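Notes for the one structure printed next.
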There are 4 protein chains.
Amino acid sequence: MSKRVLRVGLIGGGAGAFIVWPHQRAINMDGTRRVVAGALHQNPDIAMREAENWPYPIQGYRSYDEMLQQESKKPLGERIDYALIVTPNFVHFDPAMKCLNAGIPVFCEKPLTVSLDEAEKLVQATAAKKIPFGVAHTYLGHWTSRLSRHIVRSGLLGDIRWVDAYYLQGWLSERTEDKGVMQAEWRVDPKRAGASGCGGDIGTHALMQLRYVTGLEPKRVSAHLVTFVERRQLDDHFTVYCELNNGGKALVRATQIAIGHKNDLGIEVNGAKGTLLWRQEFPEELTVILPGQPDRTYFRGVVSANDGFLGDVPADLMAEPTIPPGHPEAFHDAFARLHRCFEDDVRAYEEGRFQGADGSKYATVEDGRMGIHFIVKAVESSNAGGKWVDL
Amino acid sequence: MSKRVLRVGLIGGGAGAFIVWPHQRAINMDGTRRVVAGALHQNPDIAMREAENWPYPIQGYRSYDEMLQQESKKPLGERIDYALIVTPNFVHFDPAMKCLNAGIPVFCEKPLTVSLDEAEKLVQATAAKKIPFGVAHTYLGHWTSRLSRHIVRSGLLGDIRWVDAYYLQGWLSERTEDKGVMQAEWRVDPKRAGASGCGGDIGTHALMQLRYVTGLEPKRVSAHLVTFVERRQLDDHFTVYCELNNGGKALVRATQIAIGHKNDLGIEVNGAKGTLLWRQEFPEELTVILPGQPDRTYFRGVVSANDGFLGDVPADLMAEPTIPPGHPEAFHDAFARLHRCFEDDVRAYEEGRFQGADGSKYATVEDGRMGIHFIVKAVESSNAGGKWVDL
Amino acid sequence: MSKRVLRVGLIGGGAGAFIVWPHQRAINMDGTRRVVAGALHQNPDIAMREAENWPYPIQGYRSYDEMLQQESKKPLGERIDYALIVTPNFVHFDPAMKCLNAGIPVFCEKPLTVSLDEAEKLVQATAAKKIPFGVAHTYLGHWTSRLSRHIVRSGLLGDIRWVDAYYLQGWLSERTEDKGVMQAEWRVDPKRAGASGCGGDIGTHALMQLRYVTGLEPKRVSAHLVTFVERRQLDDHFTVYCELNNGGKALVRATQIAIGHKNDLGIEVNGAKGTLLWRQEFPEELTVILPGQPDRTYFRGVVSANDGFLGDVPADLMAEPTIPPGHPEAFHDAFARLHRCFEDDVRAYEEGRFQGADGSKYATVEDGRMGIHFIVKAVESSNAGGKWVDL
Amino acid sequence: MSKRVLRVGLIGGGAGAFIVWPHQRAINMDGTRRVVAGALHQNPDIAMREAENWPYPIQGYRSYDEMLQQESKKPLGERIDYALIVTPNFVHFDPAMKCLNAGIPVFCEKPLTVSLDEAEKLVQATAAKKIPFGVAHTYLGHWTSRLSRHIVRSGLLGDIRWVDAYYLQGWLSERTEDKGVMQAEWRVDPKRAGASGCGGDIGTHALMQLRYVTGLEPKRVSAHLVTFVERRQLDDHFTVYCELNNGGKALVRATQIAIGHKNDLGIEVNGAKGTLLWRQEFPEELTVILPGQPDRTYFRGVVSANDGFLGDVPADLMAEPTIPPGHPEAFHDAFARLHRCFEDDVRAYEEGRFQGADGSKYATVEDGRMGIHFIVKAVESSNAGGKWVDL
């Protein structure tokens, strides 16, 4: 039997926003979810105008307060099933908390909040109310991220010794923020972005990839944050040497001034028995290397459920690709996979079956909190000349 | 102002079909088009059951005859705005012709038909009625295909001497057709697939890429078709040496037995002044090489409107990417771009503004006809031991 | 015990020659062979002047006749142990035959001769006299060529169905021969180069790679030779469709007008069970792909003698690399490996132990003859409009 | 006129040594230099036996003392023209100093010494006596290193902000030192290797590449050295965050436990205007990226002397390649280029024309000293928990 189409309401996303567009494609792509409403801007008039000009008809609201109030009154099936928060970082906390209070599941952009205190409050509220809360760590949605996680956790690589998790960009190598690029402006403003620019914006993705794939946690950090571009207030270069909770070490690095790197998120995991390599810009493949053996490049989907080498690849993992190998999946597909998995939890929640998310399908509010915690401690270490700071 | 959401009806797509799924994602992705109805199978009962089990609610029909009949009666805005034909090759002609007769635009899978005669009838009917008719040559939808076309036609490479257009796969290297793989079965059956297996299925894509990018046409062919896998009736290896209408030469090659090649469509264009290289599996980039200069790799979107090297890159080309460089677009994005452009023509048609398609945005029914023509002549040449046959 | 240093005499190599330089590095590199004499030019005065200006002292001769006469008189240990022939194609036969008559082993550049008749005479003379005769098919000297041969012959890929052997260059895309480039001039002159330009010069390498790696032989050919650059007398583009002696098919292709390709020799072998890929410009690696398995990239030396996958990798193959993996070997190393293996046969010959070469270490005079045979038949087929011609 | 062949004497290199073999190939390759003598081991009997078994005849000596004594007595042309020191690290200083005292030029393996004090003495002695002294930083010998240096110093990339210089290996990921691998044993022994294992062995190469290409010097370091493999006394993982003398920052990282990395030395230079990327394992190319432009990949030799983009590429740089593009140069070629340049200085020295080396052609004794200085300070910082230490 066909399923009812889930209804999604947007918080933010108007007037030049970027990230709302891939989200709405990811939401609409499967046909089982659909954007139907939006409070698209903090200015009520702009919000309504943007809704009228949305590419397809949606219900506009003057504010997210209004949207949550109105939608909450509607019966299930007519009200929004979940909210997508795509406002600047400093406007994540308030609408997220109000959604939780209204019993509406939340899918929120990262970083989760601009303070650790706010993040902790969201963690507690989510746990108290048992509501699905996703954080948009896009790259977990790649099938190869899923397979990476399976491989590392299967023990194939042995004990993990070293991880290099990086996210390299070059688009802020000059004062892009002076050129009317809205995306640049708020990212370099401490009030809107938080205590770290580059670290908060993309370093958190590198950390998340490390945590998702390895299951390890940083225990202490020695960090150097730098601002290379003149008159910029936040770091645009972020280097954090970490000790992990298994005794291994890691580098979590991010930059926005490395010209030529477009969106170069990647991870290398060195274990005592082997290595795994993955890059977001080539999301259809990952490489595993064992000593004295050829490099093995796994392409999405080119693996059997019972592979004599990887062990039993779980059936649900095998089933996740949407198209055969060689027909590349990419960014929108990863986004869609996150929303697809979140949809499952939202349906379970509405049917009273939701028991909490385990972080294997999308990043949770707790993952979001860890990102903020990490950034806060990295800033502290860097301010102290790189000395070790415990998490 | 938001636009009315276009309504799409499916012809075929039930019971294990593959290609309907990326199509429906591509249709739904933007929110401005939506699959709303379907005659999903030739068996009326299966058709209705498949419609009921479609992931989201759609109107099921027992046959495409019924769908066209019923939908035609509805007013614009309630009826389907276009039909997507995703039946096996030999069931393209009949529903396509009936759509045209009903005044309903058609987006049809390739190869267009199984005979040249049928193809010509569709070309004539489409011209007579001035209706949008798209053929699903997916790979034209990649932004880098668009840029390739711009570059070659700009003259940067000089006169085109040699083109190598190839489409290499390995999934039919054994008797996949005996393993209950529906996709394999009909593709190797002359009744359902047409006179050529490999050539018709994927060789036509390679030809289309050649024609789209260079604007050149094959004038005569010297072909060798081979069947490597035992007891298979159609070619699984297809090699066509061509003379082009500018005097240049080309190889159009396709195979389904090259293990390790997943979906390896690519093109290399050698001009008197330079070379262009592109591969579908790496759709975010293309490479241009001029003598004595470094290889230039263009990433999607990393190019300025007034480049100094490429000449004025047209503004509409610059505007086409949906996400910034480094956030890869891929197969679904190419599919979506085709449907997005087709949507424009459908809206123009409904508003009486449609003047015919020029083939710059998606493949037309005439492109489809050329594919069939090419296959017919290649089979003829191969049967004659590779001797030259004029088109 | 140290070995006596072998003495090598050059025939050709003066006045702007190219290929003599990598040869002399390859000869000198190990310290166990050394260039000591040379008849460097057809003009006796130039020959003597070039010898005087050779980077290090060598014995100059006015002609190869003189060199062979004088050197033959000397006792073993003082005379040259072998001759290297690096003259233009049409001057290979005469000095080679004279060396054979003088009992002096020959290492000769390819193509072996400009006529099939000459080639056959050299084959007969070599066999009659049981003298080492090597032909400079450089690329067999790569360790990865050796491993490719081992893999294909081990049966890992199953029956070979299709081979794509190519050699793509772009340096003759314009009239380079008018610019005083000696290398270009003679290559496009039928009198000096033979019946085919591009095919003879580099197509023979592609054929050799095919034959060396697979052990298969072309049985008939359907060829198209083209000359793209105006006023050029010989082909600069060479496409030969072959039927092999196991029933498989192959493409042997070569071009000199594909701008951007520097020296792009490569081979792909598709068997019923798997595929092997190799490219000369990346000589440190080869890739093997089996269905449903990850791509396996073997780096030179990263393989164990008892691999479990490749079968027993022969110990002599394991021992051949000169430096550990990651310290790349390249062109000079391949050249040196050929001369190193030839040195072994020369020493065996001088000690009366030489029984003939089996072609596993370097190309033989018979391999050279096959190259000429292939070219002659390809020219014949092309002249007949691509029709099949038996070898 | 031909040149006299330079005579080279080896110090070390017997009994299982590795690095002597590429050196001797590099020395012999051109024919203008030749290994003629050797004190191959610290044990006089082994030294003599190894000399007897050298692949070709050389003069054996029982010790380097004996060799220097005997050779010094011979007239120029009969004595060794320079010595190559390929002993373990802790046996560099003594023979090097004795060579200098004997007026014999020295080409020495790196790291130069095991203490800063020794390094400084060698710097002083070399300066006092104006003798050529080269240190075997192999990778400077790649043509692409030369071009990298030219590009960065030309200002094309603007002010240098960030450099990532790395050298990643995996061969010591387990206790290789217990397996009778001589190369591993001494490298992990503080007495023979010095204060740092991984840093001294390969971190110094990464530093040298940074200094050679950019001309910048580290001013202070914040380092973390780690030993991952049990019961190993020296670091096998080395991460040094640096402040450079222009205010830029850098990471100099090295590891021996990253399975899958064979010999992965590379450098990325981020300037305010562009980026340069280079990797030793792909020594035929380097990539330059400017904002909004395609990636430019320069292949060795594919560049014109007056390139409108790179500025005037110096003629001597243009002349350095030994073979045309596409015929790869690699490790031995880089080694040979160092010895070729050192040969020039040795000949100048013998003719009284030597004025000192400027470090543009090979690493000097001063470069060697900087490597030791850097290691000493990195160890100090790491022991202090990563705090900044000035150089």
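Order determines the names: the first chain of the structure tokens is A, the second B, and so forth; residues in each chain are numbered 1 upward, and ligands are numbered 1 upward as they are shown.
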
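For region 342-347 of chain C, the set of protein, DNA and RNA residues having any atom at most 9 Å away, when counting only C-alpha atoms and skipping those fewer than 3 positions along the same chain, is Leu6, Thr32, Arg33, Asp81, Tyr82, Pro105, Phe107, Ile131, Pro132, Phe133, Gly134, Arg337, Leu338, His339, Glu350, Glu351, Gly352, Arg353, Phe354, Gln355, Gly356, Ala357, Lys361 and Tyr362 of chain C.
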
request  = Do me a favour and pick out the residues of chain A within 9 Å of chain D, using only C-alpha atoms, as a PyMOL selection string.
outcome  = chain A and resi 161-162+170-171+173-174+222+224+226+228-229+239+241+248-249+257-261+269-276+288-295+385-388

message = I'd like the neighbourhood of region 308-319 of chain A as a ChimeraX atom specification, where a residue qualifies if any of its atoms comes within 9 Å (using only C-alpha atoms), though same-chain residues fewer than 2 positions away should be ignored.
response = /A:143,146-147,150-151,154,156,301,303-306,321-322

Write to file, as an mmCIF file, in the first residue's frame, the residues of the selection just made, with all heavy atoms.
data_model
loop_
_atom_site.group_PDB
_atom_site.id
_atom_site.type_symbol
_atom_site.label_atom_id
_atom_site.label_comp_id
_atom_site.auth_asym_id
_atom_site.auth_seq_id
_atom_site.Cartn_x
_atom_site.Cartn_y
_atom_site.Cartn_z
ATOM 1 N N TRP A 143 26.523 6.180 0.818
ATOM 2 C CA TRP A 143 26.581 4.745 1.053
ATOM 3 C C TRP A 143 27.981 4.326 1.467
ATOM 4 O O TRP A 143 28.173 3.438 2.298
ATOM 5 C CB TRP A 143 26.169 3.989 -0.216
ATOM 6 C CG TRP A 143 25.940 2.541 0.019
ATOM 7 C CD1 TRP A 143 24.814 1.955 0.522
ATOM 8 C CD2 TRP A 143 26.867 1.479 -0.223
ATOM 9 N NE1 TRP A 143 24.978 0.604 0.600
ATOM 10 C CE2 TRP A 143 26.226 0.271 0.142
ATOM 11 C CE3 TRP A 143 28.162 1.422 -0.724
ATOM 12 C CZ2 TRP A 143 26.843 -0.967 0.026
ATOM 13 C CZ3 TRP A 143 28.782 0.182 -0.843
ATOM 14 C CH2 TRP A 143 28.122 -0.990 -0.467
ATOM 15 N N ARG A 146 28.534 4.673 5.050
ATOM 16 C CA ARG A 146 27.949 3.512 5.740
ATOM 17 C C ARG A 146 28.906 2.320 5.682
ATOM 18 O O ARG A 146 29.137 1.637 6.675
ATOM 19 C CB ARG A 146 26.638 3.095 5.070
ATOM 20 C CG ARG A 146 25.619 4.154 4.816
ATOM 21 C CD ARG A 146 24.935 4.608 6.059
ATOM 22 N NE ARG A 146 23.530 4.881 5.871
ATOM 23 C CZ ARG A 146 22.918 5.988 6.308
ATOM 24 N NH1 ARG A 146 23.578 6.931 6.971
ATOM 25 N NH2 ARG A 146 21.622 6.149 6.117
ATOM 26 N N LEU A 147 29.447 2.073 4.486
ATOM 27 C CA LEU A 147 30.340 0.921 4.336
ATOM 28 C C LEU A 147 31.643 1.144 5.128
ATOM 29 O O LEU A 147 32.176 0.215 5.733
ATOM 30 C CB LEU A 147 30.659 0.670 2.852
ATOM 31 C CG LEU A 147 31.513 -0.571 2.569
ATOM 32 C CD1 LEU A 147 30.828 -1.856 3.048
ATOM 33 C CD2 LEU A 147 31.833 -0.691 1.084
ATOM 34 N N HIS A 150 30.963 0.254 8.601
ATOM 35 C CA HIS A 150 30.899 -1.203 8.748
ATOM 36 C C HIS A 150 32.297 -1.819 8.767
ATOM 37 O O HIS A 150 32.603 -2.688 9.596
ATOM 38 C CB HIS A 150 30.083 -1.805 7.595
ATOM 39 C CG HIS A 150 30.171 -3.297 7.547
ATOM 40 N ND1 HIS A 150 29.560 -4.109 8.480
ATOM 41 C CD2 HIS A 150 30.826 -4.128 6.695
ATOM 42 C CE1 HIS A 150 29.830 -5.373 8.206
ATOM 43 N NE2 HIS A 150 30.585 -5.415 7.134
ATOM 44 N N ILE A 151 33.141 -1.372 7.859
ATOM 45 C CA ILE A 151 34.482 -1.957 7.743
ATOM 46 C C ILE A 151 35.316 -1.697 8.991
ATOM 47 O O ILE A 151 35.925 -2.602 9.557
ATOM 48 C CB ILE A 151 35.193 -1.413 6.484
ATOM 49 C CG1 ILE A 151 34.540 -1.995 5.236
ATOM 50 C CG2 ILE A 151 36.684 -1.715 6.521
ATOM 51 C CD1 ILE A 151 35.016 -1.366 3.933
ATOM 52 N N SER A 154 34.051 -3.591 11.926
ATOM 53 C CA SER A 154 34.169 -5.046 11.800
ATOM 54 C C SER A 154 35.506 -5.544 12.324
ATOM 55 O O SER A 154 35.705 -6.735 12.502
ATOM 56 C CB SER A 154 34.057 -5.447 10.325
ATOM 57 O OG SER A 154 35.265 -5.148 9.633
ATOM 58 N N LEU A 156 38.354 -5.236 10.716
ATOM 59 C CA LEU A 156 39.260 -5.585 9.618
ATOM 60 C C LEU A 156 40.579 -4.825 9.678
ATOM 61 O O LEU A 156 41.627 -5.348 9.305
ATOM 62 C CB LEU A 156 38.570 -5.305 8.274
ATOM 63 C CG LEU A 156 39.370 -5.627 7.016
ATOM 64 C CD1 LEU A 156 39.564 -7.125 6.873
ATOM 65 C CD2 LEU A 156 38.678 -5.076 5.773
ATOM 66 N N GLY A 301 28.029 -0.319 -4.150
ATOM 67 C CA GLY A 301 27.183 -1.389 -4.659
ATOM 68 C C GLY A 301 27.935 -2.585 -5.207
ATOM 69 O O GLY A 301 27.345 -3.650 -5.376
ATOM 70 N N VAL A 303 29.720 -5.072 -4.224
ATOM 71 C CA VAL A 303 30.142 -5.855 -3.084
ATOM 72 C C VAL A 303 29.021 -6.865 -2.876
ATOM 73 O O VAL A 303 27.869 -6.577 -3.186
ATOM 74 C CB VAL A 303 30.355 -4.930 -1.853
ATOM 75 C CG1 VAL A 303 29.095 -4.196 -1.467
ATOM 76 C CG2 VAL A 303 30.909 -5.673 -0.665
ATOM 77 N N SER A 304 29.361 -8.039 -2.434
ATOM 78 C CA SER A 304 28.301 -9.023 -2.221
ATOM 79 C C SER A 304 27.991 -9.121 -0.738
ATOM 80 O O SER A 304 28.823 -8.774 0.104
ATOM 81 C CB SER A 304 28.714 -10.378 -2.790
ATOM 82 O OG SER A 304 29.940 -10.758 -2.236
ATOM 83 N N ALA A 305 26.797 -9.580 -0.407
ATOM 84 C CA ALA A 305 26.364 -9.601 0.992
ATOM 85 C C ALA A 305 27.303 -10.471 1.817
ATOM 86 O O ALA A 305 27.599 -10.180 2.967
ATOM 87 C CB ALA A 305 24.935 -10.103 1.091
ATOM 88 N N ASN A 306 27.794 -11.521 1.222
ATOM 89 C CA ASN A 306 28.709 -12.385 1.941
ATOM 90 C C ASN A 306 30.040 -12.355 1.206
ATOM 91 O O ASN A 306 30.364 -13.215 0.403
ATOM 92 C CB ASN A 306 28.159 -13.802 2.020
ATOM 93 C CG ASN A 306 28.911 -14.595 3.060
ATOM 94 O OD1 ASN A 306 30.115 -14.400 3.241
ATOM 95 N ND2 ASN A 306 28.216 -15.475 3.742
ATOM 96 N N PRO A 321 21.558 1.446 -1.846
ATOM 97 C CA PRO A 321 21.770 2.228 -3.072
ATOM 98 C C PRO A 321 20.475 2.404 -3.873
ATOM 99 O O PRO A 321 19.641 1.497 -3.909
ATOM 100 C CB PRO A 321 22.794 1.412 -3.861
ATOM 101 C CG PRO A 321 23.526 0.643 -2.830
ATOM 102 C CD PRO A 321 22.492 0.307 -1.793
ATOM 103 N N THR A 322 20.335 3.541 -4.501
ATOM 104 C CA THR A 322 19.132 3.804 -5.276
ATOM 105 C C THR A 322 19.308 3.476 -6.751
ATOM 106 O O THR A 322 18.326 3.322 -7.469
ATOM 107 C CB THR A 322 18.728 5.284 -5.165
ATOM 108 O OG1 THR A 322 19.809 6.090 -5.630
ATOM 109 C CG2 THR A 322 18.407 5.647 -3.732
#

Residue list (strand (DSSP E), DSSP) for region 75-156 of chain B, as a list in words =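 After running DSSP on the backbone, region 75-156 of chain B has strand (DSSP E) at Tyr82, Ala83, Leu84, Ile85, Val106, Phe107, Cys108, Phe133, Gly134 and Val135 of chain B.
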
task = Would you list, as a ChimeraX atom specification, the residues of region 75-320 of chain D that end up in alpha helix (DSSP H) under DSSP run on this structure's backbone?
result = /D:93-102,116-129,143-153,182-187,190-193,198,204-214,315-318

ask   = What gap, in Å, lies between CA of Gln256 (chain A) and CA of Asp117 (chain A)?
value = 27.1 Å

Leu216 (chain D) environment, 10 Å, only C-alpha atoms, sequence neighbours closer than 5 positions dropped, as an mmCIF file with C-alpha atoms, in the first residue's frame:
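Generated file (result_20.cif):
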data_model
loop_
_atom_site.group_PDB
_atom_site.id
_atom_site.type_symbol
_atom_site.label_atom_id
_atom_site.label_comp_id
_atom_site.auth_asym_id
_atom_site.auth_seq_id
_atom_site.Cartn_x
_atom_site.Cartn_y
_atom_site.Cartn_z
ATOM 1 C CA ILE D 160 52.548 31.788 1.168
ATOM 2 C CA LEU D 210 59.156 22.708 2.100
ATOM 3 C CA ARG D 211 62.344 24.757 2.380
ATOM 4 C CA LEU D 244 57.382 30.144 9.255
ATOM 5 C CA ASN D 245 59.625 33.174 8.970
ATOM 6 C CA ASN D 246 57.121 35.024 6.781
ATOM 7 C CA GLY D 247 54.347 34.568 9.338
ATOM 8 C CA GLY D 248 52.806 31.655 7.450
#

When you look at Gly12 (chain A) with a cut-off of 7 Å (counting only C-alpha atoms), what residues show up, excluding the ones that are within fewer than 4 positions of it in the same chain? I need them as an mmCIF file with C-alpha atoms, in the first residue's frame.
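Saved as result_19.cif:
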data_model
loop_
_atom_site.group_PDB
_atom_site.id
_atom_site.type_symbol
_atom_site.label_atom_id
_atom_site.label_comp_id
_atom_site.auth_asym_id
_atom_site.auth_seq_id
_atom_site.Cartn_x
_atom_site.Cartn_y
_atom_site.Cartn_z
ATOM 1 C CA ALA A 39 8.518 30.450 7.766
ATOM 2 C CA LEU A 40 11.251 31.525 5.431
ATOM 3 C CA HIS A 41 12.686 34.651 7.002
ATOM 4 C CA ILE A 85 15.717 24.303 10.404
ATOM 5 C CA VAL A 86 18.059 26.031 7.958
ATOM 6 C CA THR A 87 18.574 29.396 9.661
#

request  = Please provide as a ChimeraX atom specification all residues within 8 Å of Arg25 (chain A), with the sequence filter that same-chain residues fewer than 6 positions apart are discarded (counting only C-alpha atoms).
outcome  = /A:332,336 /B:29-31

task = For Ile372 (chain D), please output as a ChimeraX atom specification all residues within 8 Å (counting only C-alpha atoms; exclusion window: fewer than 4 positions along the same chain).
result = /D:111-116,119,200,204,368,376

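Distances here use only C-alpha atoms; by that measure, the residue among D:Arg253, D:Arg175, D:Arg192, D:Lys130 closest to Tyr349 (chain D) is D:Lys130.
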